[in-house]
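Dropping protein_25.cif in here (mmCIF, C-alpha atoms and all ligand atoms):
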```cif
data_data
#
loop_
_atom_site.label_atom_id
_atom_site.label_comp_id
_atom_site.auth_asym_id
_atom_site.auth_seq_id
_atom_site.Cartn_x
_atom_site.Cartn_y
_atom_site.Cartn_z
CA MET A 719 -75.43 -185.04 164.39
CA GLU A 720 -79.19 -185.11 163.92
CA ASN A 721 -79.44 -187.25 167.03
CA LYS A 722 -77.28 -184.82 168.99
CA ILE A 723 -79.56 -181.94 167.99
CA ALA A 724 -82.69 -183.82 169.05
CA LEU A 725 -81.13 -184.77 172.42
CA LEU A 726 -80.03 -181.20 173.10
CA LYS A 727 -83.49 -179.89 172.23
CA ALA A 728 -85.09 -182.21 174.77
CA LYS A 729 -82.48 -181.30 177.39
CA ILE A 730 -83.04 -177.58 176.89
CA GLU A 731 -86.80 -177.88 177.12
CA GLU A 732 -86.68 -179.96 180.28
CA SER A 733 -84.10 -177.91 182.15
CA VAL A 734 -85.62 -174.54 181.20
CA ALA A 735 -89.06 -175.67 182.36
CA LYS A 736 -87.58 -176.82 185.68
CA ALA A 737 -85.55 -173.63 186.36
CA GLY A 738 -87.13 -171.89 189.34
CA ASP A 739 -85.06 -168.74 189.98
CA SER A 740 -83.14 -166.02 188.14
CA GLU A 741 -79.75 -167.46 188.93
CA THR A 742 -80.55 -170.92 187.52
CA ILE A 743 -82.08 -169.61 184.30
CA GLU A 744 -79.12 -167.30 183.73
CA GLY A 745 -76.78 -170.29 184.25
CA LEU A 746 -78.76 -172.24 181.62
CA ARG A 747 -78.63 -169.36 179.18
CA VAL A 748 -74.84 -169.29 179.39
CA ALA A 749 -74.58 -173.12 179.27
CA PHE A 750 -76.62 -173.38 176.06
CA LEU A 751 -76.18 -170.07 174.26
CA GLY A 752 -72.93 -168.64 175.66
CA LYS A 753 -69.66 -168.46 173.70
CA LYS A 754 -68.69 -171.88 175.01
CA GLY A 755 -72.30 -173.09 175.23
CA GLU A 756 -73.58 -176.37 173.85
CA ILE A 757 -75.36 -174.86 170.84
CA THR A 758 -72.27 -172.86 169.91
CA GLU A 759 -70.24 -176.08 170.14
CA LEU A 760 -72.68 -177.80 167.79
CA LEU A 761 -72.26 -175.00 165.27
CA ARG A 762 -68.49 -175.50 165.48
CA ASP A 763 -68.92 -179.23 164.88
CA LEU A 764 -70.58 -178.42 161.55
CA LYS A 765 -67.08 -178.21 160.08
CA SER A 766 -66.87 -182.01 160.16
CA VAL A 767 -70.16 -182.48 158.27
CA SER A 768 -69.97 -182.69 154.49
CA GLY A 769 -71.91 -181.41 151.47
CA GLU A 770 -75.74 -181.26 151.39
CA GLN A 771 -75.96 -182.47 155.00
CA LYS A 772 -73.98 -179.45 156.21
CA LYS A 773 -76.64 -177.08 154.91
CA GLU A 774 -79.50 -179.10 156.40
CA MET A 775 -77.79 -179.50 159.81
CA GLY A 776 -76.89 -175.82 159.84
CA MET A 777 -80.56 -174.92 159.39
CA LYS A 778 -81.59 -177.33 162.15
CA ILE A 779 -79.05 -175.95 164.61
CA ASN A 780 -80.14 -172.39 163.88
CA LEU A 781 -83.74 -173.39 164.46
CA LEU A 782 -82.71 -175.01 167.76
CA LYS A 783 -80.88 -171.85 168.74
CA GLN A 784 -83.85 -169.64 167.94
CA ASN A 785 -86.15 -171.97 169.84
CA ALA A 786 -83.81 -172.02 172.88
CA GLU A 787 -83.56 -168.20 172.89
CA GLU A 788 -87.34 -167.82 172.86
CA LYS A 789 -87.91 -170.45 175.57
CA ILE A 790 -85.25 -168.96 177.86
CA LYS A 791 -86.52 -165.42 177.34
CA ALA A 792 -90.08 -166.43 178.17
CA ARG A 793 -88.95 -168.34 181.27
CA ILE A 794 -86.86 -165.33 182.47
CA GLU A 795 -89.99 -163.19 182.24
CA GLU A 796 -92.08 -165.77 184.14
CA ILE A 797 -89.46 -166.06 186.88
CA LYS A 798 -89.11 -162.27 187.22
CA ASN A 799 -92.87 -161.89 187.63
CA ALA A 800 -93.04 -164.75 190.15
CA GLU A 801 -90.20 -163.23 192.17
CA LEU A 802 -91.86 -159.84 192.19
CA GLN A 803 -95.17 -161.35 193.26
CA LYS A 804 -93.38 -163.19 196.08
CA LYS A 805 -91.85 -159.93 197.31
CA ILE A 806 -95.27 -158.26 197.26
CA ASP A 807 -96.88 -161.20 199.10
CA GLU A 808 -94.19 -161.20 201.75
CA ALA A 809 -94.19 -157.40 202.32
CA PRO A 810 -95.73 -156.32 205.62
CA ALA A 811 -99.41 -155.60 205.26
CA TYR A 812 -100.43 -151.93 205.69
CA ASP A 813 -103.63 -149.99 205.86
CA VAL A 814 -103.71 -146.68 204.01
CA THR A 815 -106.60 -145.50 206.18
CA LEU A 816 -104.62 -145.72 209.42
CA PRO A 817 -103.45 -142.38 210.85
CA CYS A 818 -99.82 -141.45 210.12
CA ASP A 819 -97.58 -142.67 212.95
CA PHE A 820 -94.97 -139.94 212.33
CA LYS A 821 -94.05 -139.10 215.91
CA GLY A 822 -91.48 -136.36 215.29
CA GLU A 823 -92.36 -132.70 215.57
CA GLY A 824 -93.29 -130.91 212.35
CA SER A 825 -90.74 -128.47 210.97
CA TYR A 826 -90.74 -125.39 208.78
CA HIS A 827 -89.71 -125.68 205.15
CA PRO A 828 -86.15 -124.36 204.59
CA ILE A 829 -87.50 -121.62 202.31
CA THR A 830 -89.86 -120.44 205.06
CA LEU A 831 -86.94 -120.35 207.49
CA VAL A 832 -84.76 -118.27 205.18
CA GLU A 833 -87.68 -116.05 204.21
CA ARG A 834 -88.35 -115.21 207.85
CA GLU A 835 -84.68 -114.46 208.49
CA VAL A 836 -84.51 -112.08 205.54
CA GLU A 837 -87.81 -110.46 206.55
CA ASP A 838 -86.50 -109.83 210.08
CA ILE A 839 -83.32 -108.25 208.74
CA PHE A 840 -85.20 -105.89 206.43
CA ARG A 841 -87.85 -105.09 209.04
CA SER A 842 -85.03 -103.98 211.36
CA MET A 843 -83.96 -101.57 208.58
CA GLY A 844 -87.43 -100.02 208.29
CA PHE A 845 -88.92 -102.08 205.42
CA THR A 846 -92.52 -103.35 205.41
CA VAL A 847 -93.32 -106.89 204.23
CA GLU A 848 -95.97 -107.02 201.48
CA ASP A 849 -98.04 -109.89 200.15
CA TYR A 850 -99.22 -109.96 196.52
CA PRO A 851 -101.12 -112.63 194.51
CA GLU A 852 -99.36 -115.27 192.43
CA VAL A 853 -101.89 -114.79 189.62
CA THR A 854 -101.46 -111.45 187.91
CA ASP A 855 -101.88 -109.87 184.47
CA ASP A 856 -99.76 -108.82 181.54
CA TYR A 857 -99.78 -105.16 182.59
CA ASN A 858 -98.30 -105.77 186.05
CA CYS A 859 -95.91 -108.54 185.02
CA PHE A 860 -94.55 -106.80 181.91
CA GLU A 861 -96.10 -103.56 180.62
CA ALA A 862 -95.78 -101.55 183.85
CA LEU A 863 -92.16 -102.69 184.05
CA ASN A 864 -91.15 -101.07 180.77
CA ILE A 865 -91.49 -104.40 178.90
CA PRO A 866 -93.96 -103.67 176.10
CA LYS A 867 -95.51 -106.42 173.98
CA HIS A 868 -93.00 -108.01 171.60
CA HIS A 869 -90.02 -106.86 173.73
CA PRO A 870 -87.34 -109.58 173.49
CA ALA A 871 -86.96 -109.57 177.33
CA ARG A 872 -90.29 -111.44 177.44
CA ASP A 873 -88.61 -114.47 175.87
CA MET A 874 -86.59 -114.99 179.06
CA GLN A 875 -89.72 -115.40 181.14
CA ASP A 876 -92.25 -117.68 179.47
CA THR A 877 -94.98 -118.65 181.89
CA TYR A 878 -98.33 -120.37 182.30
CA TYR A 879 -101.33 -118.45 180.96
CA LEU A 880 -104.92 -118.84 182.16
CA ASP A 881 -107.87 -118.96 179.77
CA ASN A 882 -108.99 -115.52 180.94
CA GLY A 883 -105.68 -113.92 179.86
CA GLN A 884 -104.22 -113.76 183.35
CA LEU A 885 -100.90 -115.44 184.06
CA LEU A 886 -98.81 -116.92 186.85
CA LYS A 887 -96.25 -114.33 187.81
CA THR A 888 -92.76 -114.93 186.49
CA HIS A 889 -91.09 -112.59 188.96
CA THR A 890 -91.90 -110.66 192.11
CA SER A 891 -91.31 -107.42 190.17
CA ALA A 892 -94.94 -107.90 189.07
CA ALA A 893 -95.97 -106.34 192.42
CA GLN A 894 -93.87 -103.17 192.03
CA ASN A 895 -96.58 -101.09 190.36
CA SER A 896 -99.30 -101.94 192.91
CA ILE A 897 -96.99 -101.20 195.82
CA MET A 898 -95.96 -97.81 194.42
CA ARG A 899 -99.61 -96.96 193.84
CA LYS A 900 -100.57 -98.11 197.34
CA TYR A 901 -97.87 -96.24 199.33
CA GLY A 902 -96.44 -93.56 197.04
CA ALA A 903 -93.02 -92.16 197.96
CA PRO A 904 -91.01 -92.45 200.14
CA LEU A 905 -91.29 -96.20 200.54
CA ARG A 906 -89.30 -99.18 201.74
CA ALA A 907 -90.87 -102.55 201.07
CA ILE A 908 -89.96 -106.18 200.51
CA PHE A 909 -92.34 -108.66 198.92
CA PRO A 910 -91.57 -112.38 198.86
CA SER A 911 -93.55 -114.68 196.59
CA ARG A 912 -93.64 -117.84 194.56
CA CYS A 913 -92.79 -117.41 190.86
CA PHE A 914 -93.45 -119.65 187.89
CA ARG A 915 -91.60 -120.13 184.65
CA ASN A 916 -91.93 -122.54 181.80
CA GLU A 917 -88.46 -123.99 181.97
CA ALA A 918 -86.51 -127.22 181.97
CA THR A 919 -85.39 -128.13 185.47
CA ASP A 920 -81.88 -129.00 186.62
CA ALA A 921 -79.88 -128.78 189.87
CA CYS A 922 -80.30 -124.99 190.04
CA HIS A 923 -83.49 -124.30 188.00
CA GLU A 924 -87.07 -125.05 188.98
CA ASN A 925 -90.30 -124.16 187.23
CA THR A 926 -91.72 -123.04 190.59
CA PHE A 927 -89.42 -121.10 192.88
CA PHE A 928 -89.37 -118.20 195.33
CA GLN A 929 -88.04 -114.70 194.95
CA MET A 930 -87.86 -111.87 197.45
CA GLU A 931 -88.15 -108.47 195.88
CA GLY A 932 -87.20 -105.23 197.58
CA MET A 933 -87.75 -101.58 196.71
CA MET A 934 -86.60 -98.39 198.31
CA ILE A 935 -87.75 -95.03 196.95
CA ASP A 936 -86.78 -91.72 198.49
CA THR A 937 -84.92 -88.52 197.75
CA ASP A 938 -81.18 -88.99 197.04
CA ILE A 939 -81.21 -92.79 196.74
CA SER A 940 -78.17 -94.09 194.87
CA ILE A 941 -76.34 -97.30 194.01
CA SER A 942 -74.35 -97.00 197.27
CA ASN A 943 -77.59 -97.45 199.23
CA LEU A 944 -78.37 -100.53 197.18
CA ILE A 945 -74.94 -102.09 197.77
CA TYR A 946 -75.09 -101.31 201.48
CA PHE A 947 -78.48 -103.02 201.96
CA MET A 948 -77.50 -106.09 199.95
CA LYS A 949 -74.21 -106.60 201.77
CA THR A 950 -75.81 -106.14 205.19
CA MET A 951 -78.53 -108.64 204.38
CA LEU A 952 -76.19 -111.32 202.99
CA SER A 953 -73.67 -111.14 205.81
CA GLU A 954 -76.53 -111.42 208.35
CA VAL A 955 -78.03 -114.43 206.57
CA PHE A 956 -74.74 -116.29 206.18
CA LYS A 957 -73.26 -115.06 209.45
CA GLN A 958 -69.96 -114.56 207.66
CA ASP A 959 -68.44 -112.24 205.11
CA VAL A 960 -69.70 -113.48 201.75
CA SER A 961 -67.82 -112.63 198.55
CA VAL A 962 -70.09 -110.85 196.11
CA ARG A 963 -69.53 -109.47 192.65
CA LEU A 964 -71.56 -107.01 190.62
CA ARG A 965 -71.78 -107.42 186.86
CA PRO A 966 -73.69 -105.20 184.49
CA GLY A 967 -77.09 -106.78 183.85
CA PHE A 968 -79.94 -105.77 181.59
CA PHE A 969 -83.50 -105.57 182.89
CA PRO A 970 -85.82 -103.09 181.16
CA PHE A 971 -87.18 -101.89 184.52
CA VAL A 972 -83.85 -100.70 185.96
CA GLU A 973 -81.15 -98.35 184.70
CA PRO A 974 -78.34 -99.03 185.42
CA GLY A 975 -78.93 -102.72 186.10
CA PHE A 976 -76.65 -105.25 187.77
CA GLU A 977 -76.32 -108.95 188.48
CA LEU A 978 -75.18 -109.60 192.03
CA ASP A 979 -73.50 -113.01 192.32
CA ILE A 980 -72.25 -114.68 195.50
CA SER A 981 -69.36 -117.07 195.70
CA CYS A 982 -70.83 -120.62 195.77
CA LEU A 983 -70.90 -121.76 199.39
CA ILE A 984 -71.45 -125.41 198.43
CA CYS A 985 -68.09 -125.86 196.68
CA GLY A 986 -66.28 -122.84 198.17
CA GLY A 987 -66.06 -121.26 194.72
CA LYS A 988 -64.29 -124.21 193.08
CA GLY A 989 -67.18 -125.10 190.76
CA CYS A 990 -69.89 -127.75 191.14
CA PRO A 991 -73.25 -128.68 189.50
CA SER A 992 -75.12 -126.33 191.88
CA CYS A 993 -73.26 -123.33 190.42
CA LYS A 994 -72.92 -124.74 186.89
CA ASN A 995 -69.20 -125.16 187.62
CA SER A 996 -68.60 -121.41 187.58
CA GLY A 997 -67.89 -120.97 191.33
CA TRP A 998 -70.48 -118.15 191.39
CA LEU A 999 -74.20 -118.26 191.87
CA GLU A 1000 -76.41 -115.62 190.34
CA LEU A 1001 -78.48 -114.60 193.31
CA CYS A 1002 -79.78 -111.12 193.09
CA PRO A 1003 -80.27 -108.92 190.06
CA CYS A 1004 -80.78 -105.32 191.02
CA GLY A 1005 -80.53 -101.74 189.86
CA MET A 1006 -81.90 -98.21 189.97
CA ILE A 1007 -85.61 -98.15 189.14
CA HIS A 1008 -86.19 -96.90 185.58
CA PRO A 1009 -87.98 -93.50 185.44
CA ASN A 1010 -90.70 -95.02 183.19
CA VAL A 1011 -91.50 -97.53 185.93
CA LEU A 1012 -91.60 -94.88 188.63
CA LYS A 1013 -93.91 -92.76 186.45
CA ALA A 1014 -96.21 -95.73 185.79
CA GLY A 1015 -96.42 -96.13 189.58
CA GLY A 1016 -97.39 -92.47 190.02
CA ILE A 1017 -94.04 -91.38 191.53
CA ASP A 1018 -92.66 -87.89 190.86
CA THR A 1019 -89.36 -88.62 189.08
CA ASP A 1020 -88.07 -85.05 189.53
CA LYS A 1021 -88.06 -85.58 193.25
CA TYR A 1022 -87.53 -89.29 193.85
CA THR A 1023 -85.20 -92.08 192.79
CA GLY A 1024 -85.09 -95.65 194.03
CA PHE A 1025 -83.48 -99.05 193.81
CA ALA A 1026 -84.99 -102.49 193.41
CA PHE A 1027 -83.61 -106.00 193.77
CA GLY A 1028 -85.02 -109.45 193.01
CA LEU A 1029 -83.38 -111.96 195.33
CA GLY A 1030 -83.55 -115.66 194.37
CA LEU A 1031 -84.93 -116.86 197.70
CA THR A 1032 -84.87 -120.54 196.74
CA ARG A 1033 -81.23 -120.30 195.75
CA LEU A 1034 -80.48 -118.42 198.95
CA ALA A 1035 -82.00 -121.34 200.91
CA MET A 1036 -79.78 -123.75 198.94
CA MET A 1037 -76.68 -121.78 199.87
CA ARG A 1038 -77.76 -121.27 203.46
CA TYR A 1039 -78.39 -124.96 204.08
CA GLY A 1040 -76.00 -126.58 201.58
CA ILE A 1041 -78.84 -128.11 199.52
CA LYS A 1042 -77.19 -129.40 196.35
CA ASP A 1043 -80.26 -129.91 194.19
CA ILE A 1044 -83.02 -127.31 193.97
CA ARG A 1045 -85.55 -130.05 193.13
CA ASP A 1046 -85.30 -131.44 196.68
CA LEU A 1047 -87.05 -128.29 197.90
CA ASN A 1048 -90.29 -129.02 196.01
CA SER A 1049 -90.03 -132.79 196.50
CA GLY A 1050 -92.23 -133.03 199.61
CA ASN A 1051 -89.67 -135.56 200.87
CA LEU A 1052 -89.87 -135.30 204.66
CA LYS A 1053 -86.57 -137.12 205.10
CA VAL A 1054 -84.86 -134.17 203.40
CA LEU A 1055 -87.10 -131.31 204.44
CA SER A 1056 -87.38 -132.03 208.16
CA GLN A 1057 -83.62 -131.79 208.64
CA PHE A 1058 -83.45 -128.00 208.70
CA VAL A 1059 -83.95 -125.97 211.80
CA ASN A 1060 -83.57 -122.30 212.44
CA GLU A 1061 -80.28 -121.99 214.29
C1 LIG B 1101 -85.83 -111.20 187.63
O1 LIG B 1101 -86.73 -112.02 187.83
C2 LIG B 1101 -85.99 -109.75 187.91
N1 LIG B 1101 -87.38 -109.46 188.15
C3 LIG B 1101 -85.15 -109.36 189.11
C4 LIG B 1101 -84.97 -107.91 189.33
C5 LIG B 1101 -85.72 -107.26 190.27
C6 LIG B 1101 -84.00 -107.22 188.61
C7 LIG B 1101 -85.54 -105.89 190.50
C8 LIG B 1101 -83.79 -105.88 188.82
C9 LIG B 1101 -84.56 -105.23 189.77
P1 LIG B 1101 -84.10 -113.05 187.02
O2 LIG B 1101 -84.88 -113.67 185.93
O3 LIG B 1101 -82.64 -113.05 186.80
O4 LIG B 1101 -84.57 -111.58 187.27
O5 LIG B 1101 -84.42 -113.85 188.38
C10 LIG B 1101 -84.00 -113.34 189.62
C11 LIG B 1101 -83.41 -114.46 190.48
O6 LIG B 1101 -84.41 -115.48 190.64
C12 LIG B 1101 -82.22 -115.18 189.86
O7 LIG B 1101 -81.03 -114.50 190.16
C13 LIG B 1101 -82.28 -116.51 190.53
O8 LIG B 1101 -81.68 -116.46 191.81
C14 LIG B 1101 -83.77 -116.73 190.69
N2 LIG B 1101 -84.28 -117.57 189.62
C15 LIG B 1101 -84.61 -117.23 188.34
N3 LIG B 1101 -85.05 -118.27 187.64
C16 LIG B 1101 -85.01 -119.33 188.49
C17 LIG B 1101 -85.36 -120.71 188.37
N4 LIG B 1101 -85.85 -121.21 187.26
N5 LIG B 1101 -85.19 -121.52 189.45
C18 LIG B 1101 -84.72 -120.99 190.61
N6 LIG B 1101 -84.39 -119.70 190.80
C19 LIG B 1101 -84.53 -118.88 189.75
#
```

For this file, produce the structure as structure tokens.
Amino acid sequence: MENKIALLKAKIEESVAKAGDSETIEGLRVAFLGKKGEITELLRDLKSVSGEQKKEMGMKINLLKQNAEEKIKARIEEIKNAELQKKIDEAPAYDVTLPCDFKGEGSYHPITLVEREVEDIFRSMGFTVEDYPEVTDDYNCFEALNIPKHHPARDMQDTYYLDNGQLLKTHTSAAQNSIMRKYGAPLRAIFPSRCFRNEATDACHENTFFQMEGMMIDTDISISNLIYFMKTMLSEVFKQDVSVRLRPGFFPFVEPGFELDISCLICGGKGCPSCKNSGWLELCPCGMIHPNVLKAGGIDTDKYTGFAFGLGLTRLAMMRYGIKDIRDLNSGNLKVLSQFVNE
């Protein structure tokens, strides 16, 4: 048996050293170490060895096995590296300094396309389109919206804070106060913007996404006005009757507040990862502006009421173009992003 072990050791060393590709080395691994491999056979043969010798041979075979495992593992690594290097050497040479040879026409990002559609619809209904900075402060993002310090509603919107105490806005509502102060009442305005939240991403959540906020303040404004504007906008965008549902929703800056959901257009309401299998996609919270918020904006609450909504523009783009994963929109992947055109 000792002779057998020595012969097998030499055979393993020679054949492993000669193996030149992944397939051959894998074949050797099975031939020596597999269930029916030569080393396993040797271990079986131990049965026929007697007494003291059995122990000694057992130790030798185990040593051989350990040695073979190490040699094969090292050779697999060498072969993998050589194969990778070969692929790199054979890849076509390129020069990063050459100009891009992308010959197609550039295209707008799907969010820009949807944003412009929504803007056109609201402009036709007498709304102005406002632009407000992405960096704001605690007062505009929270305090002016009836969310004092330590209010639990702040937990829902953790964000990125700058050293100077400013922050990246978590929602477009952060512009409400400035707009009220700029125009007073009556007013009709929409204000799209990028928003930021410290959150884990998945198919329908991003840490950087777009909202489109809208506000209408006038005498005799009620929930019916709100529902009318939302329905008109959604049926224009989707060019079909879209099922919507209103649920009570709590936002400190509106009273009463609602969640407006639309039936998921990706799965037809059956349930899929894009709608967290519920068949509905939360798209647009809304409500009647809270008197405290109107007052903070300098509006006479005895005379005026108003509604506000915060449309998830990124999610609207997903529904409009059947984009299953929200992360594709920030990916910068031209193969995905250049496929959308304004029909
Ligand atoms: C707000 O941000 C409120 N400011 C909206 C509002 C405005 C309510 C005016 C009442 C009156 P919410 O956190 O639910 O609410 O976000 C609004 C919409 O933004 C959501 O319905 C969703 O469509 C979108 N949204 C929120 N978080 C994300 C995210 N992480 N990724 C993508 N879209 C998001």

Can you pull out the residues contacting A:Gly1005? Cut-off 12 Å, using all atoms listed in the file, and skip same-chain residues under 6 positions away; I want them as a VMD selection string. chain A and resid 931 to 934 939 to 945 948 964 to 978 1023 to 1029

Using all atoms listed in the file, which of A:Ile980, A:Gly1040, A:Gln875, A:Asp936 sits nearest A:Met1006? A:Asp936

Between A:Leu725, A:Ala892, A:Leu764, A:Cys1004, which residue has the minimum interatomic distance to ligand LIG 1101 (chain B), considering all atoms listed in the file? A:Cys1004

Skip stretch 951-959 of chain A itself and residues of its chain fewer than 6 positions away, then list as a PyMOL selection string all residues within 9 Å of it, counting all atoms listed in the file. chain A and resi 832+835-836+839-840+1034+1037-1038

Just give me the gap between atom CA of A:Gly1016 and atom CA of A:Thr846 in Å, one decimal is fine. 19.5 Å

What's the separation between atom N5 of ligand LIG 1101 (chain B) and atom CA of A:Phe927, in Å to one decimal place?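 Value for the atom N5 of ligand LIG 1101 (chain B)-atom CA of A:Phe927 distance: 5.5 Å.
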
Which neighbours of A:Glu756 fall inside 12 Å, counting only C-alpha atoms, when residues of the same chain fewer than 2 positions from it are skipped, and could you give them as a VMD selection string? chain A and resid 722 to 723 725 to 727 729 to 730 746 to 754 758 to 763 779 782 to 783 786

With distances taken over all atoms listed in the file, which of A:Phe1058, A:Tyr1022, A:Phe947, A:Phe860 is nearest to ligand LIG 1101 (chain B)? A:Phe860

In Å to one decimal, how far is atom CA of A:Glu1000 from atom CA of A:Met874?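 Computed distance, atom CA of A:Met874 to atom CA of A:Glu1000, equals 15.2 Å.
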
Could you check the closest approach to ligand LIG 1101 (chain B) for each of A:Ser996, A:Gln1057, A:Thr890, A:Asn1051 and tell me which residue wins, using all atoms listed in the file? A:Thr890

Name the residues in contact with A:Asn799 at a cut-off of 12 Å, using only C-alpha atoms, excluding same-chain residues fewer than 5 positions from it; report them as a PyMOL selection string. chain A and resi 738-740+792-794+804-806

For ligand LIG 1101 (chain B), which of A:Thr1019, A:Thr950, A:Thr919, A:Ser961 is the closest residue, counting only C-alpha atoms and all ligand atoms?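 Checking each of A:Thr1019, A:Thr950, A:Thr919, A:Ser961 against ligand LIG 1101 (chain B), counting only C-alpha atoms and all ligand atoms, the winner is A:Thr919.
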
Residues at most 10 Å from A:Glu731, counting all atoms listed in the file, excluding those fewer than 6 positions away in the same chain, as a list in words?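 Answer for this query is Asn785, Ala786, Lys789 and Ile790 of chain A.
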
Among listed residues A:Ile1007, A:Ile1017, A:Ala735, A:Ile1041, nearest ligand LIG 1101 (chain B) (using only C-alpha atoms and all ligand atoms):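 Looking only at the distances to ligand LIG 1101 (chain B), the closest residue turns out to be A:Ile1007.
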
Where atoms are lacking, stretch 889-895 of chain A completed to all heavy atoms, as a short mmCIF file (atom, residue, chain, number, x, y, z; two decimals), keeping the file's coordinate frame:
```
data_model
loop_
_atom_site.label_atom_id
_atom_site.label_comp_id
_atom_site.auth_asym_id
_atom_site.auth_seq_id
_atom_site.Cartn_x
_atom_site.Cartn_y
_atom_site.Cartn_z
N HIS A 889 -92.03 -113.23 188.05
CA HIS A 889 -91.09 -112.59 188.96
C HIS A 889 -91.86 -111.70 189.95
O HIS A 889 -92.97 -111.25 189.66
CB HIS A 889 -90.01 -111.78 188.22
CG HIS A 889 -90.52 -110.76 187.24
ND1 HIS A 889 -89.70 -109.89 186.59
CD2 HIS A 889 -91.77 -110.46 186.83
CE1 HIS A 889 -90.42 -109.11 185.81
NE2 HIS A 889 -91.68 -109.44 185.93
N THR A 890 -91.23 -111.47 191.08
CA THR A 890 -91.90 -110.66 192.11
C THR A 890 -92.01 -109.20 191.68
O THR A 890 -92.83 -108.45 192.24
CB THR A 890 -91.12 -110.76 193.44
OG1 THR A 890 -89.73 -110.79 193.14
CG2 THR A 890 -91.51 -112.00 194.21
N SER A 891 -91.23 -108.81 190.66
CA SER A 891 -91.31 -107.42 190.17
C SER A 891 -92.74 -107.08 189.77
O SER A 891 -93.11 -105.90 189.68
CB SER A 891 -90.39 -107.21 188.97
OG SER A 891 -89.08 -107.61 189.27
N ALA A 892 -93.55 -108.12 189.49
CA ALA A 892 -94.94 -107.90 189.07
C ALA A 892 -95.75 -107.13 190.13
O ALA A 892 -96.82 -106.60 189.83
CB ALA A 892 -95.61 -109.25 188.79
N ALA A 893 -95.22 -107.06 191.36
CA ALA A 893 -95.97 -106.34 192.42
C ALA A 893 -95.51 -104.89 192.56
O ALA A 893 -96.12 -104.11 193.30
CB ALA A 893 -95.80 -107.07 193.76
N GLN A 894 -94.44 -104.52 191.85
CA GLN A 894 -93.87 -103.17 192.03
C GLN A 894 -94.91 -102.07 191.83
O GLN A 894 -95.05 -101.16 192.65
CB GLN A 894 -92.71 -102.95 191.05
CG GLN A 894 -91.41 -103.60 191.46
CD GLN A 894 -90.25 -103.11 190.61
OE1 GLN A 894 -90.36 -102.13 189.85
NE2 GLN A 894 -89.11 -103.79 190.72
N ASN A 895 -95.65 -102.17 190.71
CA ASN A 895 -96.58 -101.09 190.36
C ASN A 895 -97.65 -100.91 191.45
O ASN A 895 -97.92 -99.80 191.89
CB ASN A 895 -97.20 -101.38 188.99
CG ASN A 895 -98.03 -100.23 188.49
OD1 ASN A 895 -99.23 -100.16 188.73
ND2 ASN A 895 -97.39 -99.27 187.82
#
```
